[in-house]
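To keep things clear, I will list the structure first and then write my remarks on it.
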There are 2 protein chains.
Amino acid sequence: MASPKPKPTMKERILETADRLFYLKGIRAIGVDTIAAEIGISKRTLYNHFPSKDALISAYLERRFVPRGPSDKSAVEQILGVFDSLERRFASKDFRGCPFVNAVAEVGGENKAVRKIAVAFKESRRLWFRDLLIEIGISDPEGLATQLVLLVDGSIAQDLVRDDPAMARAAKQAARVLLSGAGVRFDDPPAPSQQKSRPKG
Amino acid sequence: MASPKPKPTMKERILETADRLFYLKGIRAIGVDTIAAEIGISKRTLYNHFPSKDALISAYLERRFVPRGPSDKSAVEQILGVFDSLERRFASKDFRGCPFVNAVAEVGGENKAVRKIAVAFKESRRLWFRDLLIEIGISDPEGLATQLVLLVDGSIAQDLVRDDPAMARAAKQAARVLLSGAGVRFDDPPAPSQQKSRPKG
DNA sequence: CGTAGAGTACACAGACCTGTTTACTTCGGA
DNA sequence: TCCGAAGTAAACAGGTCTGTGTACTCTACG
């Protein structure tokens, strides 16, 4: 039950390998030869599953585009939890920035599909923030959601260059200030101590 | 006096062209052949001025690294003015994100010089913010400076993908909230939108 | 004048790139 | 058993890439 599919399909194996190499080394830095050789298949097989490298690039990004599912945590916890997740990912040696931003930087000038997927991803993330902010009931969820994604992408860009997970903590602190400025009360301040929620009235 | 050097040196012509092409099309997307052809010189001449493409890439980034000079405006005006400059640059069709972040995304994995220059640039920008915040006299200039660079880089990344200058305005608004949270008073409220800031008093 | 430096033209090496072609093997199931 | 799908190996086409080598020309300047 834990793994109903112990034998991944060939297409998935290609995608998994393309993802790893494209993300870690860069799209332009990796040729289809390298991907095929890494899996141990012939280039012909790869081209039987994807008609071109561009198609593989698009599939790579679409595979990275997984929507955020629902959560049982509170809206504020979910929002601030994003920055905790970021900090964890920044600490990994395999983190190399946002794959969508990187892809646009690398091939966005010529590959319109890449830009389209990247825009859709960024907007979906913004809407995720917005809906949570609506749930909280603040006055300008659209504007604040945009500001929050700026903090997310800013910390990603800074970490890509500096390799410093503290960028995520700084972003989280800024997010708290922005939320606070919008009237959000924090029952659970930064300290890990489990202090009980203060009644809000 | 307007132009004491009407005849730019060959090295500078190469750098100017490399800058334009590297930035607009991407470092990996442009070969030295293309640069030489664009100027109308032979590839041999280019290699007489730069020993390798990597050296040209480093020179390109170092040339982009121009420190911010002093200003007669107030510290707060300088800080918020950054986002106005960004908005203007976002509106240009030739804006393609931060050259340092893009360079790290493209070749940062293999070219250590590129990463080093990018880190130096990002840190210099952060220190520029920090020194202005010290001038203002707020309590945590280091932390707030980091948060401000997050907004800068976040708006750049978002604009790279979405091509939307409104990202700069959102960043500016967030910066105002962060500054306000640090105790900064604004004598010059933003746009004609109804601001709830009561005249201090 | 005459020479040295700077640039040009162009071929070349050796590698890599995307994508195709041909011929062969393997193997599950009708 | 035999067929067809899927994969393999290897070469190939036609590019591009970085970087070098060689021989020529132009021109500023002593």
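Letters A, B, ... go to the chains of the structure tokens in the order shown; residues in each chain start at 1; ligands are counted from 1 in the same order.
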
Item to complete: Mind checking which residues fall within 12 Å of range 5-21 of chain C, counting only C-alpha atoms (C1' of nucleotides), ignoring those fewer than 3 positions away in the same chain, and posting them as a ChimeraX atom specification?
Response: /A:28-34,43-44,46-48,50-54 /B:10,40-49 /D:10-29

Worksheet item: Could you pull out all residues of range 106-186 of chain B with a DSSP call of alpha helix (DSSP H) and give them as a PyMOL selection string?
Response: chain B and resi 106-107+112-136+141-162+166-181

Worksheet entry | Proximal residues of chain A relative to chain B (only C-alpha atoms; 8 Å) as a PyMOL selection string | chain A and resi 24-26+28+96-97+101-102+104-107+109+115+118-119+122+143+146-147+149-155+157-158+160-162+167+170-171+174+177-178+181

Fill in: Pairwise distance for CA of Leu61 in chain A and CA of Ser85 in chain A, rounded to one decimal in Å
20.1 Å

Discussion item. I'd like the contact shell of Asp19 in chain B - 9 Å cut-off, only C-alpha atoms (C1' of nucleotides), skipping same-chain residues fewer than 2 positions apart - returned as an MDAnalysis selection string.
Written reply: chainID B and resid 14:17 21:24 57 60:61 63:64

Worksheet entry | Non-local contacts of DG30 in chain D (12 Å; only C-alpha atoms (C1' of nucleotides); under 2 positions in same chain excluded) as number ranges by chain | C: 1-4; D: 28

Okay, now the selection with C-alpha atoms (C1' of nucleotides), as a PDB file, in the first residue's frame?
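Result file part-v5.pdb:
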ATOM      1  C1'  DC C   1      60.538  55.554 -44.720  1.00  0.00           C
ATOM      2  C1'  DG C   2      59.793  51.514 -42.101  1.00  0.00           C
ATOM      3  C1'  DT C   3      58.274  49.005 -38.524  1.00  0.00           C
ATOM      4  C1'  DA C   4      55.380  47.362 -34.822  1.00  0.00           C
TER       5       DA C   4
ATOM      6  C1'  DA D  28      49.977  55.562 -36.460  1.00  0.00           C
TER       7       DA D  28
END

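When CA of Leu80 in chain B is paired with CA of Arg126 in chain A, their separation reads 23.7 Å.
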
Practice prompt. Identify, on the basis of only C-alpha atoms (C1' of nucleotides), every residue whose closest approach to DC2 in chain D does not exceed 12 Å; exclude the query and any residue fewer than 5 positions from it along the same chain; express the result as a VMD selection string.
Written response: chain C and resid 28 to 30

Filtering to C-alpha atoms (C1' of nucleotides), could you give me those residues as a CSV table (one decimal), in the first residue's frame?
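Written out: again.csv:
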chain,number,residue,atom,x,y,z
C,28,DG,C1',4.3,-10.4,-23.7
C,29,DG,C1',0.2,-12.0,-25.2
C,30,DA,C1',-3.5,-13.3,-29.0

Discussion item. Can you pull out the residues contacting DT25 in chain C? Cut-off 12 Å, using only C-alpha atoms (C1' of nucleotides), and skip same-chain residues under 3 positions away; I want them as a ChimeraX atom specification.
Written reply: /D:6-9

Practice prompt. Enter the distance from CA of Glu135 in chain B to CA of Asp84 in chain B, in Å, rounded to one decimal.
Written response: 21.0 Å
